[in-house]
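Coordinates as given in work_28.txt (compact mmCIF, C-alpha atoms):
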# COMPACT_ATOMS: atom_id res chain seq x y z
CA MET A 1 72.18 68.20 97.67
CA THR A 2 74.23 67.63 94.58
CA ASP A 3 77.98 68.07 94.36
CA MET A 4 77.51 71.24 92.34
CA THR A 5 75.55 72.93 95.14
CA TRP A 6 78.33 72.12 97.60
CA VAL A 7 80.91 73.58 95.22
CA VAL A 8 78.87 76.76 94.85
CA ILE A 9 78.45 77.14 98.62
CA ALA A 10 82.09 76.35 99.34
CA SER A 11 83.48 78.70 96.71
CA THR A 12 81.19 81.55 97.80
CA VAL A 13 82.19 81.17 101.45
CA ALA A 14 85.86 80.79 100.55
CA ALA A 15 85.77 83.87 98.32
CA ALA A 16 84.08 86.02 100.98
CA LEU A 17 86.46 84.88 103.72
CA ALA A 18 89.52 85.29 101.50
CA ILE A 19 88.68 88.82 100.44
CA ALA A 20 87.73 89.80 104.00
CA LEU A 21 90.98 88.58 105.52
CA GLY A 22 93.00 89.66 102.54
CA VAL A 23 91.77 93.23 102.86
CA MET A 24 91.83 93.41 106.65
CA LEU A 25 95.46 92.51 107.21
CA PRO A 26 96.96 94.75 104.49
CA ALA A 27 94.76 97.56 105.89
CA ILE A 28 96.41 97.14 109.29
CA ALA A 29 99.82 97.09 107.65
CA MET A 30 99.03 100.21 105.61
CA GLY A 31 97.80 102.03 108.70
CA ARG A 32 101.02 101.25 110.53
CA ALA A 33 103.13 102.35 107.57
CA ILE A 34 101.25 105.63 107.18
CA SER A 35 101.34 106.45 110.89
CA GLN A 36 105.08 105.80 111.02
CA ALA A 37 105.60 107.96 107.92
CA LEU A 38 103.56 110.78 109.47
CA GLU A 39 105.64 110.58 112.64
CA ALA A 40 108.83 110.75 110.63
CA LEU A 41 107.39 113.64 108.64
CA ALA A 42 106.50 115.55 111.81
CA ARG A 43 109.99 115.02 113.18
CA GLN A 44 111.84 115.85 109.95
CA PRO A 45 109.73 117.96 107.58
CA GLU A 46 112.71 118.66 105.32
CA ALA A 47 112.96 114.97 104.37
CA GLU A 48 109.44 115.05 102.95
CA ARG A 49 110.24 113.99 99.39
CA SER A 50 112.19 110.87 100.23
CA ILE A 51 109.74 109.86 102.96
CA MET A 52 106.79 110.24 100.60
CA ARG A 53 108.55 108.33 97.83
CA THR A 54 109.40 105.44 100.13
CA LEU A 55 105.91 105.51 101.62
CA PHE A 56 104.25 105.28 98.21
CA ILE A 57 106.42 102.39 97.15
CA GLY A 58 105.82 100.59 100.44
CA LEU A 59 102.09 101.13 100.13
CA ALA A 60 102.20 99.72 96.61
CA MET A 61 103.99 96.64 97.91
CA ILE A 62 101.41 96.13 100.68
CA GLU A 63 98.54 96.86 98.33
CA SER A 64 99.69 94.22 95.90
CA LEU A 65 99.04 91.62 98.63
CA ALA A 66 95.38 92.63 98.70
CA ILE A 67 95.36 92.55 94.90
CA TYR A 68 96.71 88.98 94.93
CA CYS A 69 93.77 88.03 97.14
CA LEU A 70 91.37 89.71 94.73
CA VAL A 71 92.85 87.86 91.77
CA ILE A 72 92.57 84.52 93.58
CA VAL A 73 88.96 85.29 94.54
CA LEU A 74 88.09 86.18 90.95
CA ILE A 75 89.69 82.95 89.76
CA ILE A 76 87.61 81.00 92.30
CA LEU A 77 84.40 82.74 91.24
CA PHE A 78 84.76 82.98 87.46
CA ARG A 79 87.44 80.59 86.18
CA ASN A 80 87.78 77.85 88.75
CA PRO A 81 90.19 75.34 87.17
CA LEU A 82 89.13 72.55 89.56
CA LEU A 83 85.57 72.56 88.24
CA GLU A 84 86.45 70.45 85.22
CA TYR A 85 87.02 67.41 87.47
CA LEU A 86 83.42 67.73 88.59
CA VAL A 87 81.83 68.46 85.21
CA LYS A 88 83.71 65.63 83.49
CA MET B 1 76.87 89.12 84.07
CA ASP B 2 78.24 90.10 80.71
CA GLN B 3 81.70 88.59 80.66
CA ALA B 4 82.73 90.35 77.46
CA GLN B 5 82.63 93.65 79.34
CA LEU B 6 84.92 92.34 82.05
CA PHE B 7 87.64 90.47 80.20
CA ALA B 8 89.45 91.23 76.99
CA HIS B 9 87.57 89.89 73.98
CA THR B 10 88.50 89.08 70.44
CA LEU B 11 87.74 91.74 67.84
CA PHE B 12 88.96 90.10 64.64
CA GLN B 13 91.52 87.64 63.36
CA LEU B 14 94.49 88.14 61.05
CA GLY B 15 95.31 84.60 59.97
CA PRO B 16 96.60 82.82 63.10
CA LEU B 17 96.85 86.13 65.00
CA VAL B 18 93.95 86.97 67.30
CA ILE B 19 93.53 90.73 67.65
CA ARG B 20 91.91 91.59 70.96
CA ASP B 21 90.45 94.94 71.95
CA THR B 22 93.52 95.47 74.17
CA VAL B 23 95.78 95.64 71.15
CA VAL B 24 93.50 98.00 69.25
CA THR B 25 93.22 100.34 72.24
CA THR B 26 97.01 100.26 72.64
CA TRP B 27 97.35 101.24 68.97
CA LEU B 28 94.97 104.13 69.54
CA VAL B 29 96.94 105.29 72.59
CA MET B 30 100.21 104.99 70.66
CA LEU B 31 98.76 106.96 67.76
CA GLY B 32 97.53 109.68 70.10
CA LEU B 33 100.86 109.94 71.92
CA TRP B 34 102.78 109.96 68.65
CA LEU B 35 100.59 112.71 67.19
CA ALA B 36 100.94 114.76 70.39
CA CYS B 37 104.74 114.35 70.39
CA ALA B 38 105.00 115.20 66.69
CA THR B 39 102.91 118.37 66.93
CA LEU B 40 104.60 119.47 70.16
CA ALA B 41 108.12 118.88 68.88
CA ARG B 42 107.54 120.70 65.60
CA ARG B 43 106.92 124.16 66.94
CA LEU B 44 109.52 124.51 69.68
CA GLN B 45 110.30 128.14 70.47
CA SER B 46 112.93 129.71 72.65
CA SER B 47 110.23 131.81 74.32
CA PRO B 48 107.75 129.06 75.07
CA GLY B 49 103.99 129.42 74.93
CA LEU B 50 101.47 127.93 77.33
CA VAL B 51 101.53 124.35 76.05
CA GLN B 52 105.29 124.20 75.64
CA THR B 53 105.80 125.46 79.19
CA ALA B 54 103.51 122.79 80.56
CA VAL B 55 105.24 119.99 78.65
CA GLU B 56 108.69 121.30 79.60
CA GLY B 57 107.60 121.36 83.24
CA LEU B 58 106.48 117.75 82.92
CA VAL B 59 109.78 116.60 81.40
CA LEU B 60 111.79 118.55 83.96
CA GLY B 61 109.72 117.04 86.78
CA VAL B 62 110.43 113.52 85.54
CA GLU B 63 114.12 114.40 85.13
CA ASP B 64 114.18 115.69 88.69
CA ALA B 65 112.54 112.52 90.04
CA ILE B 66 115.13 110.39 88.24
CA ARG B 67 118.00 112.58 89.45
CA GLN B 68 117.02 111.97 93.06
CA VAL B 69 117.35 108.21 92.59
CA LEU B 70 120.13 108.00 90.01
CA PRO B 71 122.21 111.19 89.99
CA GLN B 72 124.75 110.07 87.38
CA GLN B 73 122.77 108.24 84.71
CA VAL B 74 119.83 110.62 84.20
CA SER B 75 120.19 110.98 80.43
CA MET B 76 120.61 107.22 79.99
CA VAL B 77 117.43 106.22 81.85
CA LEU B 78 115.21 109.23 81.09
CA PRO B 79 113.80 108.10 77.70
CA PHE B 80 112.67 104.72 79.00
CA ILE B 81 111.10 105.96 82.24
CA LEU B 82 109.43 108.96 80.60
CA THR B 83 107.96 106.70 77.92
CA LEU B 84 106.68 104.27 80.55
CA TRP B 85 105.07 107.05 82.54
CA THR B 86 103.37 108.80 79.62
CA PHE B 87 102.14 105.55 78.11
CA LEU B 88 100.81 104.26 81.43
CA VAL B 89 99.00 107.48 82.28
CA ALA B 90 97.38 107.55 78.84
CA ALA B 91 96.60 103.82 78.87
CA ASN B 92 95.11 103.89 82.37
CA LEU B 93 93.00 106.96 81.72
CA VAL B 94 91.68 105.82 78.34
CA GLY B 95 89.34 103.48 80.21
CA LEU B 96 87.29 106.52 81.26
CA ILE B 97 86.15 107.09 77.67
CA PRO B 98 82.84 105.27 77.17
CA GLY B 99 83.20 102.25 74.91
CA LEU B 100 86.93 101.89 75.48
CA HIS B 101 88.70 99.83 78.14
CA SER B 102 92.13 100.39 79.60
CA PRO B 103 94.66 98.14 77.89
CA THR B 104 96.26 97.67 81.30
CA ARG B 105 93.29 95.70 82.63
CA ASP B 106 94.47 92.84 80.42
CA PRO B 107 97.15 90.68 82.09
CA SER B 108 98.86 90.21 78.72
CA ALA B 109 99.51 93.94 78.35
CA THR B 110 100.87 94.39 81.87
CA ALA B 111 102.96 91.23 81.53
CA ALA B 112 104.48 92.67 78.35
CA LEU B 113 105.34 95.90 80.18
CA ALA B 114 106.81 93.98 83.13
CA ILE B 115 108.95 91.85 80.80
CA LEU B 116 110.15 95.08 79.19
CA VAL B 117 111.20 96.36 82.63
CA PHE B 118 112.84 93.02 83.45
CA LEU B 119 114.94 93.09 80.27
CA SER B 120 115.84 96.76 80.58
CA VAL B 121 117.08 96.25 84.15
CA HIS B 122 119.75 93.87 82.84
CA TRP B 123 120.43 96.01 79.78
CA PHE B 124 121.06 99.16 81.80
CA GLY B 125 123.00 97.25 84.45
CA ILE B 126 125.34 95.69 81.90
CA ARG B 127 125.74 98.97 80.04
CA ALA B 128 126.59 100.88 83.19
CA GLN B 129 129.12 98.52 84.74
CA GLY B 130 130.08 95.86 82.21
CA LEU B 131 129.01 92.25 81.96
CA ASN B 132 131.53 90.87 84.45
CA ARG B 133 130.86 93.28 87.27
CA TYR B 134 127.12 93.07 86.67
CA LEU B 135 127.07 89.28 86.86
CA ARG B 136 129.28 89.32 89.93
CA HIS B 137 126.56 91.00 91.98
CA TYR B 138 124.52 87.81 91.75
CA LEU B 139 127.29 86.09 93.69
CA SER B 140 127.58 88.76 96.35
CA PRO B 141 127.82 88.61 99.32
CA THR B 142 128.14 84.82 98.96
CA PRO B 143 127.34 82.42 96.11
CA ILE B 144 124.80 80.72 98.39
CA LEU B 145 122.44 83.61 97.74
CA LEU B 146 122.36 83.05 93.96
CA PRO B 147 118.99 81.21 93.96
CA PHE B 148 117.45 83.94 96.08
CA HIS B 149 118.64 86.62 93.67
CA ILE B 150 117.10 84.72 90.76
CA VAL B 151 113.81 84.09 92.59
CA SER B 152 113.58 87.76 93.53
CA GLU B 153 114.12 88.79 89.90
CA ILE B 154 111.23 86.59 88.79
CA THR B 155 108.80 87.37 91.60
CA ARG B 156 109.22 91.11 91.39
CA THR B 157 108.54 91.04 87.66
CA LEU B 158 105.44 88.95 88.29
CA ALA B 159 104.34 91.29 91.09
CA LEU B 160 104.79 94.30 88.81
CA ALA B 161 102.49 92.77 86.20
CA VAL B 162 99.85 91.47 88.62
CA ARG B 163 99.71 94.73 90.61
CA LEU B 164 98.89 96.92 87.62
CA PHE B 165 96.48 94.37 86.12
CA GLY B 166 94.68 93.76 89.42
CA ASN B 167 94.24 97.42 90.20
CA MET B 168 92.92 98.46 86.81
CA MET B 169 90.73 95.40 86.40
CA SER B 170 89.25 95.76 89.89
CA LEU B 171 88.39 99.41 89.22
CA GLU B 172 86.47 98.49 86.07
CA LEU B 173 84.88 95.55 87.86
CA VAL B 174 83.64 97.72 90.73
CA ALA B 175 82.19 100.30 88.31
CA LEU B 176 80.48 97.53 86.34
CA LEU B 177 79.05 95.92 89.47
CA LEU B 178 77.70 99.28 90.65
CA VAL B 179 75.97 99.87 87.32
CA TRP B 180 74.54 96.39 87.59
CA VAL B 181 73.35 96.76 91.19
CA GLY B 182 72.58 100.47 91.43
CA GLY B 183 71.82 102.51 88.35
CA LEU B 184 73.32 104.49 85.53
CA LEU B 185 74.79 107.41 87.52
CA VAL B 186 75.74 105.53 90.70
CA PRO B 187 79.36 104.67 89.77
CA ILE B 188 80.43 108.30 89.22
CA PRO B 189 82.28 108.56 92.59
CA ILE B 190 84.08 105.34 91.70
CA LEU B 191 85.06 106.88 88.36
CA MET B 192 86.62 109.80 90.23
CA LEU B 193 88.57 107.25 92.26
CA HIS B 194 89.50 105.70 88.90
CA ILE B 195 91.31 108.91 87.87
CA VAL B 196 93.32 109.06 91.11
CA GLU B 197 94.10 105.37 91.03
CA ALA B 198 95.15 105.46 87.37
CA LEU B 199 97.66 108.23 88.07
CA VAL B 200 98.95 106.57 91.27
CA GLN B 201 99.40 103.20 89.59
CA ALA B 202 101.24 104.73 86.63
CA TYR B 203 103.51 106.59 89.08
CA ILE B 204 104.19 103.46 91.11
CA PHE B 205 104.91 101.29 88.08
CA GLY B 206 107.40 103.81 86.67
CA MET B 207 108.95 104.44 90.09
CA LEU B 208 109.45 100.74 90.78
CA ALA B 209 110.99 100.28 87.33
CA LEU B 210 113.31 103.19 88.08
CA ILE B 211 114.30 101.72 91.45
CA TYR B 212 114.95 98.27 89.97
CA ILE B 213 117.14 99.84 87.28
CA ALA B 214 118.94 101.91 89.92
CA SER B 215 119.60 98.83 92.03
CA ALA B 216 121.03 97.05 88.98
CA ILE B 217 123.29 100.00 88.14
CA GLN B 218 124.55 100.67 91.63
CA THR B 219 124.98 97.12 92.89
CA LEU B 220 128.75 97.20 93.35
CA ALA B 221 129.19 100.95 93.85
CA PRO B 222 132.74 101.63 95.05
CA GLN B 223 133.15 103.32 98.39
CA GLY B 224 134.44 106.74 97.42
CA ASP B 225 137.46 105.90 95.22
CA ASP B 226 135.38 106.46 92.07
CA PRO B 227 135.99 109.98 90.67
CA THR B 228 132.36 110.29 89.54
CA ASN B 229 131.16 109.51 93.05
CA GLY B 230 133.62 111.71 94.87
CA HIS B 231 132.25 115.19 94.24
CA ARG B 232 128.67 114.34 95.05
CA ARG B 233 127.63 116.65 97.84
CA PRO B 234 125.15 115.35 100.41
CA PRO B 235 121.91 117.34 100.27
CA HIS B 236 121.91 118.15 103.98
CA PRO B 237 125.44 118.59 105.32
CA ASP B 238 125.94 117.79 108.95
CA PRO B 239 126.11 121.15 110.74
CA LEU B 240 128.44 119.83 113.43
CA SER B 241 131.07 118.47 111.08
CA ASP B 242 131.99 121.62 109.18
CA GLY B 243 132.32 124.14 111.97
CA GLU B 244 131.17 127.73 112.12
CA GLU B 245 129.82 128.05 108.60
CA GLY B 246 127.73 124.88 108.84
CA LEU B 247 126.22 125.93 112.14
CA GLU B 248 125.31 129.31 110.68
CA ARG B 249 123.71 127.65 107.67
CA ALA B 250 121.77 125.31 109.93
CA THR B 251 120.34 128.17 111.98
CA ARG B 252 119.52 130.06 108.79
CA ASP B 253 117.76 126.99 107.39
CA PHE B 254 115.88 126.63 110.64
CA HIS B 255 114.65 130.21 110.56
CA GLY B 256 113.84 129.91 106.89
CA ASN B 257 111.71 126.88 107.67
CA GLU B 258 110.04 128.78 110.49
CA GLU B 259 109.11 131.62 108.16
CA GLN B 260 107.73 129.29 105.55
CA ARG B 261 105.26 127.77 107.99
Could you quickly redo this structure as structure tokens?
Amino acid sequence: MTDMTWVVIASTVAAALAIALGVMLPAIAMGRAISQALEALARQPEAERSIMRTLFIGLAMIESLAIYCLVIVLIILFRNPLLEYLVK
Amino acid sequence: MDQAQLFAHTLFQLGPLVIRDTVVTTWLVMLGLWLACATLARRLQSSPGLVQTAVEGLVLGVEDAIRQVLPQQVSMVLPFILTLWTFLVAANLVGLIPGLHSPTRDPSATAALAILVFLSVHWFGIRAQGLNRYLRHYLSPTPILLPFHIVSEITRTLALAVRLFGNMMSLELVALLLVWVGGLLVPIPILMLHIVEALVQAYIFGMLALIYIASAIQTLAPQGDDPTNGHRRPPHPDPLSDGEEGLERATRDFHGNEEQR
């Protein structure tokens, strides 16, 4: 097999693994955050606004981790900067 | 796959300036917002009609959200945050119109917005507490933490830009992939998700900007000897600390909550 085939196989496998792990772990983190927020909400319904605000911001922070993974995967698939060593 | 659909592409060139579709869509959004503001501001009445009531409710809602985070500097921060929110909602939702793409799926546009937030954090911080006191918070609690403060300033600006760009771009990418794999009407559920996600991302971007500004303004807040801080009443007074009246209010609140449910 040529070098190019290996690069294609490796980048496909790496992209699939990266997006799988990068979605799985933030999903666990989000689930924990939401369950804790629901517990706090059940205990103190009058603090709903501040709990929801903090929850949304925390979810955005966690979600951005998954987004970083997505950006890296898209770079690997569409604009891999290491390819030019091979093509040259 | 058609890459021109996915990434921002060049429309035309003005000398050395490359005008991409992002810029043109941003101009369209700005024009639309400006026209809406101009027509809404012209016919203000003291007994508001349907549209004026809706817009007033919107502005009051934003004012309320800012007051919960920054009770003292509402009028100072309101124009910036309200502009961010309205622009982001319009810019994120404009991608639903066929033929147009959200300007926020371009990393250049979100980076520009994040740099705006980065600069305004320092601007509001220096305006609220003076250059000396503002710069001193970089050295608190110890000067050893100065590099960490600087790194956190940079990374949170970067995160702000990448979060918005990644979300909007991935939504368009998923819709495009579904058209490509499925058929013409398959991505409609994803487009409904697009509406929710566009609103949530605009909310989060504005809220994070607000919180960063608030943290810059309140970094060295004095512990109670400030006259502007003194008369701020806590929203939920401790029923045990202020005797008979507090206890009565607590039981009344409790029963009121019971009736609401």
Would you list the contacts of Ala65 in chain B as a ChimeraX atom specification, taking every protein, DNA or RNA residue within 12 Å and counting all atoms listed in the file, but skipping same-chain residues closer than 6 positions in sequence?
-> /A:49-50,53 /B:58-59,71,74,77-78,81-82,85,203,206-207,210-211
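Between CA of His149 in chain B and CA of Asp106 in chain B the interatomic distance comes to 28.3 Å.
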Could the residues of chain B within 7 Å of chain A, counting only C-alpha atoms, be given as a list in words, please?
->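 Close to chain A, chain B has Arg163, Gly166, Asn167 and Ile204 of chain B.
Between Asn80 in chain A and the candidates A:Ile51, A:Val7, A:Met1, A:Ala33, the tightest atom-to-atom separation, counting only C-alpha atoms, involves A:Val7.
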Which residues come within 10 Å of Val117 in chain B, counting all atoms listed in the file, excluding same-chain residues fewer than 3 positions away, as a list in words?
->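 Contacts, in chain order: Phe80, Ile81, Leu84, Ala111, Ala112, Leu113, Ala114, Ser120, Val121, His122, Trp123, Thr157, Leu160, Phe205, Gly206, Leu208, Ala209, Leu210, Tyr212 and Ile213 of chain B.
The two atoms in question, CA of Arg105 in chain B and CA of Thr10 in chain B, are spaced 14.7 Å apart.
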Could you check which of A:Ile62, A:Val8, A:Ala40, A:Met52 is closest to Pro26 in chain A, using all atoms listed in the file?
->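 Closest residue, counting all atoms listed in the file: A:Ile62.
For the pair CA of Thr155 in chain B and CA of Gly95 in chain B, the interatomic distance is 27.7 Å.
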Please, can range 27-38 of chain A be completed to all heavy atoms and returned as a short mmCIF file (atom, residue, chain, number, x, y, z; two decimals), in the frame of the given file?
data_model
loop_
_atom_site.label_atom_id
_atom_site.label_comp_id
_atom_site.auth_asym_id
_atom_site.auth_seq_id
_atom_site.Cartn_x
_atom_site.Cartn_y
_atom_site.Cartn_z
N ALA A 27 95.21 96.25 105.39
CA ALA A 27 94.76 97.56 105.89
C ALA A 27 95.48 97.90 107.19
O ALA A 27 95.91 99.05 107.38
CB ALA A 27 93.25 97.53 106.12
N ILE A 28 95.66 96.89 108.06
CA ILE A 28 96.41 97.14 109.29
C ILE A 28 97.84 97.54 108.96
O ILE A 28 98.39 98.50 109.50
CB ILE A 28 96.39 95.88 110.17
CG1 ILE A 28 94.96 95.61 110.64
CG2 ILE A 28 97.30 96.05 111.37
CD1 ILE A 28 94.81 94.28 111.32
N ALA A 29 98.43 96.81 108.03
CA ALA A 29 99.82 97.09 107.65
C ALA A 29 99.95 98.49 107.07
O ALA A 29 100.88 99.24 107.40
CB ALA A 29 100.31 96.05 106.65
N MET A 30 98.99 98.87 106.21
CA MET A 30 99.03 100.21 105.61
C MET A 30 98.89 101.28 106.68
O MET A 30 99.57 102.31 106.63
CB MET A 30 97.91 100.35 104.59
CG MET A 30 98.23 99.82 103.24
SD MET A 30 96.86 100.20 102.15
CE MET A 30 97.63 99.99 100.60
N GLY A 31 97.98 101.05 107.63
CA GLY A 31 97.80 102.03 108.70
C GLY A 31 99.08 102.22 109.49
O GLY A 31 99.47 103.35 109.79
N ARG A 32 99.76 101.13 109.79
CA ARG A 32 101.02 101.25 110.53
C ARG A 32 102.04 102.02 109.72
O ARG A 32 102.73 102.91 110.24
CB ARG A 32 101.56 99.86 110.85
CG ARG A 32 100.84 99.16 111.96
CD ARG A 32 101.44 97.79 112.17
NE ARG A 32 102.82 97.88 112.59
CZ ARG A 32 103.20 97.82 113.87
NH1 ARG A 32 102.31 97.68 114.80
NH2 ARG A 32 104.48 97.91 114.18
N ALA A 33 102.13 101.68 108.42
CA ALA A 33 103.13 102.35 107.57
C ALA A 33 102.86 103.85 107.50
O ALA A 33 103.77 104.67 107.63
CB ALA A 33 103.13 101.73 106.18
N ILE A 34 101.58 104.22 107.32
CA ILE A 34 101.25 105.63 107.18
C ILE A 34 101.49 106.37 108.48
O ILE A 34 102.02 107.49 108.49
CB ILE A 34 99.79 105.79 106.70
CG1 ILE A 34 99.65 105.26 105.29
CG2 ILE A 34 99.37 107.23 106.74
CD1 ILE A 34 98.25 105.20 104.80
N SER A 35 101.14 105.73 109.63
CA SER A 35 101.34 106.45 110.89
C SER A 35 102.83 106.64 111.16
O SER A 35 103.25 107.71 111.63
CB SER A 35 100.66 105.70 112.03
OG SER A 35 101.40 104.56 112.35
N GLN A 36 103.63 105.63 110.82
CA GLN A 36 105.08 105.80 111.02
C GLN A 36 105.62 106.90 110.11
O GLN A 36 106.46 107.70 110.52
CB GLN A 36 105.81 104.49 110.71
CG GLN A 36 105.51 103.39 111.69
CD GLN A 36 106.16 103.64 113.02
OE1 GLN A 36 107.24 104.19 113.07
NE2 GLN A 36 105.49 103.27 114.09
N ALA A 37 105.12 106.93 108.85
CA ALA A 37 105.60 107.96 107.92
C ALA A 37 105.21 109.35 108.41
O ALA A 37 105.98 110.30 108.30
CB ALA A 37 105.05 107.70 106.53
N LEU A 38 103.99 109.47 108.97
CA LEU A 38 103.56 110.78 109.47
C LEU A 38 104.42 111.21 110.66
O LEU A 38 104.76 112.39 110.79
CB LEU A 38 102.09 110.72 109.89
CG LEU A 38 101.11 110.81 108.74
CD1 LEU A 38 99.70 110.78 109.26
CD2 LEU A 38 101.33 112.08 107.95
#
